[in-house]
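Raw contents of data21.txt, compact mmCIF, C-alpha atoms:
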```txt
# COMPACT_ATOMS: atom_id res chain seq x y z
CA MET A 1 43.84 -60.54 118.59
CA ARG A 2 43.43 -63.07 115.82
CA LEU A 3 46.20 -63.48 113.28
CA ARG A 4 46.43 -65.52 110.11
CA SER A 5 49.55 -66.50 108.14
CA SER A 6 53.25 -67.21 108.61
CA ILE A 7 54.98 -64.45 110.54
CA ILE A 8 57.53 -63.29 113.06
CA LEU A 9 56.23 -60.33 115.00
CA PHE A 10 56.43 -58.21 118.11
CA THR A 11 53.32 -57.56 120.13
CA LEU A 12 53.47 -54.48 122.35
CA LEU A 13 50.65 -53.92 124.83
CA LEU A 14 49.87 -50.75 126.72
CA PRO A 15 46.94 -49.42 128.76
CA ILE A 16 44.43 -47.49 126.68
CA VAL A 17 45.10 -43.76 126.69
CA GLN A 18 43.69 -43.03 123.25
CA ALA A 19 43.04 -45.28 120.28
CA LEU A 20 46.32 -46.81 119.20
CA SER A 21 48.29 -47.61 116.07
CA SER A 22 50.64 -50.38 115.12
CA THR A 23 53.44 -50.90 112.66
CA ASN A 24 55.39 -53.09 110.36
CA ALA A 25 58.89 -52.98 108.94
CA SER A 26 57.74 -53.49 105.39
CA SER A 27 53.97 -53.38 105.61
CA SER A 28 52.87 -52.69 109.09
CA SER A 29 49.71 -53.53 110.92
CA SER A 30 48.56 -51.28 113.67
CA SER A 31 45.64 -51.14 115.86
CA SER A 32 43.49 -50.90 118.87
CA ILE A 33 42.87 -54.45 117.83
CA MET A 34 42.54 -57.32 120.08
CA SER A 35 40.71 -60.03 121.67
CA THR A 36 40.32 -60.71 125.33
CA SER A 37 40.03 -64.20 126.79
CA SER A 38 36.39 -64.04 125.72
CA ALA A 39 37.61 -63.53 122.13
CA ALA A 40 36.08 -60.05 121.80
CA LEU A 41 37.88 -58.78 118.72
CA ARG A 42 38.69 -55.12 118.10
CA SER A 43 39.33 -53.33 114.87
CA VAL A 44 42.57 -52.18 113.28
CA LYS A 45 42.83 -48.42 113.58
CA GLN A 46 45.75 -47.73 111.27
CA ILE A 47 48.41 -49.41 109.15
CA LEU A 48 51.68 -47.49 109.03
CA PRO A 49 54.00 -47.83 106.01
CA ALA A 50 57.68 -48.43 106.55
CA ALA A 51 59.55 -45.17 107.07
CA PRO A 52 62.86 -44.62 105.21
CA ARG A 53 65.99 -45.87 106.95
CA HIS A 54 68.69 -43.69 108.46
CA TRP A 55 72.00 -44.36 110.22
CA VAL A 56 72.38 -44.08 113.98
CA GLY A 57 76.11 -43.62 114.31
CA ASP A 58 77.82 -45.85 111.77
CA GLY A 59 76.60 -49.19 113.10
CA PHE A 60 72.80 -49.14 113.17
CA HIS A 61 70.87 -48.68 109.91
CA VAL A 62 67.33 -48.35 111.18
CA HIS A 63 63.71 -47.78 110.24
CA PRO A 64 62.03 -45.33 112.66
CA VAL A 65 59.05 -47.63 113.04
CA PHE A 66 56.72 -45.20 114.81
CA SER A 67 57.56 -42.48 112.27
CA ASN A 68 55.55 -39.33 113.05
CA LYS A 69 53.72 -41.16 115.85
CA ALA A 70 56.92 -41.22 117.93
CA PHE A 71 56.82 -39.23 121.18
CA THR A 72 53.03 -38.80 120.99
CA GLU A 73 50.42 -39.43 123.67
CA GLU A 74 48.79 -41.91 121.32
CA LEU A 75 51.58 -44.45 121.84
CA SER A 76 52.40 -43.59 125.46
CA PRO A 77 54.29 -44.97 127.34
CA PHE A 78 56.25 -46.05 124.23
CA LEU A 79 58.29 -43.16 122.88
CA MET A 80 60.34 -44.46 119.96
CA PHE A 81 61.02 -47.70 118.09
CA ASP A 82 64.04 -48.22 115.80
CA TYR A 83 64.47 -51.45 113.84
CA ALA A 84 67.63 -52.48 111.97
CA VAL A 85 66.66 -54.96 109.24
CA PRO A 86 69.02 -57.88 108.57
CA GLU A 87 72.15 -56.47 106.94
CA HIS A 88 75.53 -58.00 106.25
CA PHE A 89 78.62 -56.29 107.64
CA LYS A 90 82.09 -57.16 106.40
CA PRO A 91 84.84 -58.06 108.92
CA ASN A 92 86.23 -54.92 110.50
CA ASN A 93 89.72 -54.77 112.03
CA GLY A 94 89.42 -51.07 112.88
CA SER A 95 87.25 -49.37 115.48
CA PRO A 96 83.91 -51.14 116.05
CA ARG A 97 80.92 -49.54 114.35
CA GLY A 98 78.25 -47.99 116.55
CA VAL A 99 77.40 -44.93 118.66
CA GLY A 100 79.81 -43.27 121.10
CA GLN A 101 78.98 -41.86 124.52
CA HIS A 102 75.61 -40.12 124.77
CA PRO A 103 73.21 -39.29 127.63
CA HIS A 104 69.72 -40.58 128.46
CA ARG A 105 67.37 -39.42 131.20
CA GLY A 106 63.78 -40.01 132.27
CA PHE A 107 62.99 -43.16 130.27
CA GLU A 108 64.10 -46.74 129.58
CA THR A 109 65.80 -48.24 126.53
CA VAL A 110 65.01 -51.81 125.51
CA THR A 111 67.54 -53.33 123.10
CA ILE A 112 66.88 -56.72 121.50
CA ALA A 113 69.47 -58.52 119.37
CA PHE A 114 68.21 -60.97 116.74
CA LYS A 115 71.43 -61.49 114.79
CA GLY A 116 74.93 -60.25 115.53
CA GLU A 117 76.04 -58.76 118.83
CA VAL A 118 75.78 -55.33 120.50
CA GLU A 119 78.33 -54.31 123.13
CA HIS A 120 77.14 -51.84 125.78
CA ALA A 121 79.02 -49.76 128.36
CA ASP A 122 77.72 -47.02 130.65
CA SER A 123 78.67 -44.53 133.36
CA MET A 124 77.40 -46.87 136.11
CA GLY A 125 80.18 -49.33 135.26
CA ASN A 126 77.94 -51.81 133.44
CA ARG A 127 79.52 -53.50 130.44
CA ASP A 128 77.89 -56.36 128.58
CA VAL A 129 77.45 -58.03 125.19
CA ILE A 130 73.89 -58.46 123.96
CA LYS A 131 73.91 -61.69 121.95
CA PRO A 132 71.24 -63.12 119.60
CA GLY A 133 67.98 -63.54 121.51
CA ASP A 134 69.16 -61.43 124.45
CA VAL A 135 67.41 -58.33 125.77
CA GLN A 136 68.96 -55.35 127.57
CA TRP A 137 66.47 -53.30 129.60
CA MET A 138 68.23 -50.14 130.76
CA THR A 139 66.54 -47.65 133.09
CA ALA A 140 68.14 -44.25 132.54
CA GLY A 141 66.19 -42.69 135.43
CA ARG A 142 67.87 -39.55 136.74
CA GLY A 143 70.56 -39.82 134.09
CA ILE A 144 73.13 -42.11 132.54
CA ILE A 145 75.78 -41.90 129.81
CA HIS A 146 76.23 -44.97 127.65
CA GLN A 147 77.58 -46.21 124.34
CA GLU A 148 76.67 -49.03 121.97
CA PHE A 149 78.85 -50.72 119.36
CA HIS A 150 79.06 -53.93 117.37
CA SER A 151 80.88 -56.31 119.71
CA ASN A 152 84.60 -56.89 119.16
CA GLU A 153 83.93 -60.53 118.27
CA PHE A 154 81.24 -59.67 115.72
CA SER A 155 83.37 -56.86 114.27
CA LYS A 156 86.28 -59.25 113.62
CA LYS A 157 84.16 -61.95 111.99
CA GLY A 158 81.46 -59.85 110.34
CA GLY A 159 78.10 -61.33 109.43
CA GLU A 160 74.40 -60.57 109.42
CA PHE A 161 73.16 -58.02 111.92
CA GLU A 162 69.55 -57.43 113.04
CA MET A 163 68.32 -55.66 116.16
CA CYS A 164 65.80 -53.19 117.50
CA GLN A 165 65.54 -50.63 120.28
CA LEU A 166 62.42 -49.33 122.03
CA TRP A 167 62.23 -46.33 124.33
CA VAL A 168 59.70 -46.58 127.17
CA ASN A 169 58.74 -43.50 129.16
CA LEU A 170 58.98 -43.55 132.96
CA PRO A 171 56.03 -42.40 135.09
CA LYS A 172 56.54 -38.94 136.61
CA LYS A 173 57.13 -40.36 140.09
CA ASN A 174 59.93 -42.60 138.76
CA LYS A 175 61.74 -40.10 136.52
CA MET A 176 64.54 -39.59 139.05
CA THR A 177 64.98 -43.22 140.03
CA LYS A 178 68.53 -44.55 140.24
CA PRO A 179 69.75 -45.83 136.87
CA HIS A 180 69.95 -49.60 136.60
CA TYR A 181 70.37 -52.35 134.06
CA GLN A 182 68.61 -55.67 133.39
CA ALA A 183 70.63 -58.12 131.31
CA ILE A 184 68.06 -60.68 130.15
CA VAL A 185 69.67 -63.58 128.30
CA ASP A 186 67.81 -65.65 125.75
CA LYS A 187 67.72 -68.81 127.89
CA ASN A 188 65.87 -66.94 130.65
CA ILE A 189 63.02 -65.75 128.42
CA PRO A 190 60.11 -68.21 128.72
CA ILE A 191 58.49 -69.59 125.58
CA VAL A 192 54.78 -70.42 125.33
CA ASP A 193 53.46 -72.69 122.57
CA LEU A 194 50.79 -71.29 120.26
CA LYS A 195 47.92 -73.58 119.31
CA GLU A 196 45.74 -73.21 116.25
CA ALA A 197 42.57 -71.24 116.93
CA SER A 198 39.09 -72.07 115.66
CA VAL A 199 37.61 -70.19 112.72
CA ASP A 200 33.87 -69.44 112.64
CA GLY A 201 33.19 -72.03 115.29
CA GLU A 202 35.03 -74.80 113.48
CA GLU A 203 37.09 -77.21 115.53
CA CYS A 204 40.83 -76.66 115.55
CA SER A 205 43.75 -79.01 116.00
CA GLU A 206 45.88 -79.25 119.12
CA ASP A 207 48.98 -78.89 116.98
CA THR A 208 51.60 -76.38 118.02
CA VAL A 209 51.80 -73.85 115.19
CA GLY A 210 54.09 -71.26 116.73
CA SER A 211 55.45 -69.79 119.93
CA VAL A 212 55.58 -66.61 122.00
CA ARG A 213 58.69 -65.42 123.83
CA VAL A 214 57.42 -63.49 126.84
CA ILE A 215 59.88 -60.65 127.48
CA ALA A 216 57.72 -58.42 129.68
CA GLY A 217 54.26 -58.79 131.17
CA SER A 218 52.60 -62.19 130.81
CA PHE A 219 51.03 -64.41 128.17
CA LEU A 220 48.52 -67.13 129.06
CA GLY A 221 49.75 -67.12 132.65
CA THR A 222 53.48 -67.20 131.85
CA LYS A 223 55.31 -64.14 133.18
CA GLY A 224 58.26 -62.52 131.43
CA PRO A 225 61.53 -61.71 133.26
CA ALA A 226 61.63 -57.93 132.66
CA SER A 227 60.71 -55.67 135.55
CA THR A 228 58.90 -52.54 134.32
CA PHE A 229 57.78 -49.24 135.83
CA SER A 230 55.06 -48.66 133.23
CA PRO A 231 52.35 -51.31 132.72
CA VAL A 232 53.53 -52.63 129.35
CA GLU A 233 53.85 -56.08 127.86
CA LEU A 234 56.30 -57.20 125.19
CA TRP A 235 56.01 -60.48 123.29
CA ASP A 236 58.10 -61.89 120.44
CA ALA A 237 55.85 -64.28 118.48
CA THR A 238 56.57 -66.71 115.67
CA ILE A 239 53.87 -68.45 113.64
CA GLN A 240 55.44 -71.26 111.66
CA LYS A 241 52.55 -72.62 109.62
CA LYS A 242 51.21 -70.49 106.77
CA GLY A 243 47.47 -69.92 106.79
CA THR A 244 47.16 -70.74 110.48
CA VAL A 245 44.86 -68.70 112.71
CA VAL A 246 46.00 -67.96 116.27
CA ASP A 247 44.58 -65.90 119.12
CA LEU A 248 46.79 -63.55 121.14
CA PRO A 249 44.52 -62.49 124.01
CA PHE A 250 45.10 -59.31 125.98
CA PRO A 251 43.09 -57.29 128.53
CA ASP A 252 40.06 -55.18 127.55
CA ASP A 253 41.71 -51.99 128.80
CA TYR A 254 44.86 -52.34 126.68
CA ASN A 255 45.70 -51.31 123.16
CA CYS A 256 48.05 -53.32 120.96
CA ILE A 257 50.82 -52.55 118.49
CA VAL A 258 51.76 -55.33 116.07
CA PHE A 259 55.13 -55.07 114.33
CA VAL A 260 55.78 -57.63 111.59
CA ARG A 261 59.44 -58.63 111.15
CA ARG A 262 58.94 -61.35 108.52
CA GLY A 263 56.15 -62.37 106.19
CA GLU A 264 52.69 -60.87 106.28
CA ILE A 265 49.58 -61.21 108.41
CA ASP A 266 45.85 -60.79 108.33
CA ILE A 267 44.38 -59.31 111.51
CA ILE A 268 40.77 -60.30 111.98
CA GLY A 269 38.77 -57.43 113.48
CA GLU A 270 35.53 -57.15 115.40
CA LYS A 271 33.43 -57.40 112.23
CA GLY A 272 35.21 -60.56 111.13
CA ASP A 273 37.03 -58.72 108.36
CA ALA A 274 40.76 -59.13 107.86
CA LYS A 275 43.35 -56.42 107.29
CA ARG A 276 46.77 -57.29 105.89
```

Here is the file; what I need is its structure written in the form of structure tokens.
Amino acid sequence: MRLRSSIILFTLLLPIVQALSSTNASSSSSSSIMSTSSAALRSVKQILPAAPRHWVGDGFHVHPVFSNKAFTEELSPFLMFDYAVPEHFKPNNGSPRGVGQHPHRGFETVTIAFKGEVEHADSMGNRDVIKPGDVQWMTAGRGIIHQEFHSNEFSKKGGEFEMCQLWVNLPKKNKMTKPHYQAIVDKNIPIVDLKEASVDGEECSEDTVGSVRVIAGSFLGTKGPASTFSPVELWDATIQKKGTVVDLPFPDDYNCIVFVRRGEIDIIGEKGDAKR
């Protein structure tokens, strides 16, 4: 996949089931796009507009990023994607804001904190605070009851809050696996430098123009810490220099969802045309 401009984005990769779509929080870019190591580019299938926000409990004001594509075969094994845009919360000396006890079964939840803190507790006895940059990968398996709130510390101080949660389906054979929990802290997520790519055969610099945090799967040989049942990859990429072109290579037999958190991008397709 070839991208141009200054952005912060998620790249979600999944084996091809059908042609795929991808999204953006304000203007989203979707696609069966992508380049392999041989730079074979694919075209953008669809650009999804941002869906209206709604509250999950009283702590998470989210865009349902997949909108009417959620829970469809087209995005399998991803089921749902909620994104809470940066929002300021005042100090709160009462009960923390969030979602009380609720059940999950048969899939995994992936919670990523960008700003603020999320406190988690579940029926397996796990209790943890997801801090900025951290990832919680929870396998509900045969069933778990959990709750999520703004952490006590964040509630007392207040501040800007930004997070997202993905639901990933479990393969049929793993639906009844024992529930478990991966607490992946920011310092344990490897970062790979992004170099500027060539355009139309022109030479490019060796300057570092961005980076990729590899949460799951691998990027340019660097493996992420998350253990997954479904063959998915999850990258958190930042391109710092406006107008820069970078390549994000992925396998021929995968589709790609691009979710733009900041800025805007052009995705250069197989015909050399760009979609923003």

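Here atom CA of Tyr181 of chain A stands at a distance of 14.0 Å from atom CA of Trp167 of chain A.
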
Self-check item: Residue nearest Val135 of chain A - candidates A:Asn68, A:Ser123, A:Thr109, A:Ser95, atoms counted: all atoms listed in the file
Solution: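 Of A:Asn68, A:Ser123, A:Thr109, A:Ser95, the one nearest Val135 of chain A is A:Thr109, counting all atoms listed in the file.
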
Quiz item: Which one of A:Val99, A:Val192, A:Val85, A:Ala226 sits closest to Val260 of chain A if you count only C-alpha atoms?
Solution: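 Checking each of A:Val99, A:Val192, A:Val85, A:Ala226 against Val260 of chain A, counting only C-alpha atoms, the winner is A:Val85.
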
Quiz prompt | Nearby residues, (72.6, -48.5, 127.8) file frame, 9 Å, only C-alpha atoms, as a list in words | solution =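 Taken together, the residues in range are His104, Glu108, Thr109, Val110, Thr111, His120, Ala121, Asp122, Asn126, Arg127, Gln136, Trp137, Met138, Thr139, Ala140, Ile144, Ile145, His146, Gln147, Glu148 and Tyr181 of chain A.
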
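Going from atom CA of His180 of chain A to atom CA of Lys131 of chain A covers 19.4 Å.
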
Practice problem: With a distance cut-off of 12 Å and all atoms listed in the file, select the neighbouring residues of Trp55 of chain A, excluding the residue or stretch itself and same-chain residues fewer than 2 positions from it, and output the selection as a PyMOL selection string. | Solution: chain A and resi 52-53+57-64+82-85+97-99

Practice problem: Between A:Val65, A:Ile184, A:Ile189, A:Glu233, single out the one closest to Pro49 of chain A, counting only C-alpha atoms. | Solution: A:Val65

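With all atoms listed in the file as the basis for measurement, A:Ser43 is the residue among A:Ser43, A:Ser218, A:Thr72, A:Thr208 that approaches Ile268 of chain A most closely.
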
Quiz prompt | A:Glu264, A:Asp252, A:Asp247, A:Glu160 ranked by distance to Phe89 of chain A, top pick (using all atoms listed in the file) | solution = A:Glu160

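Across A:Val245, A:Val232, A:Leu75, A:Met176, the tightest approach to Asp207 of chain A is made by A:Val245 when counting only C-alpha atoms.
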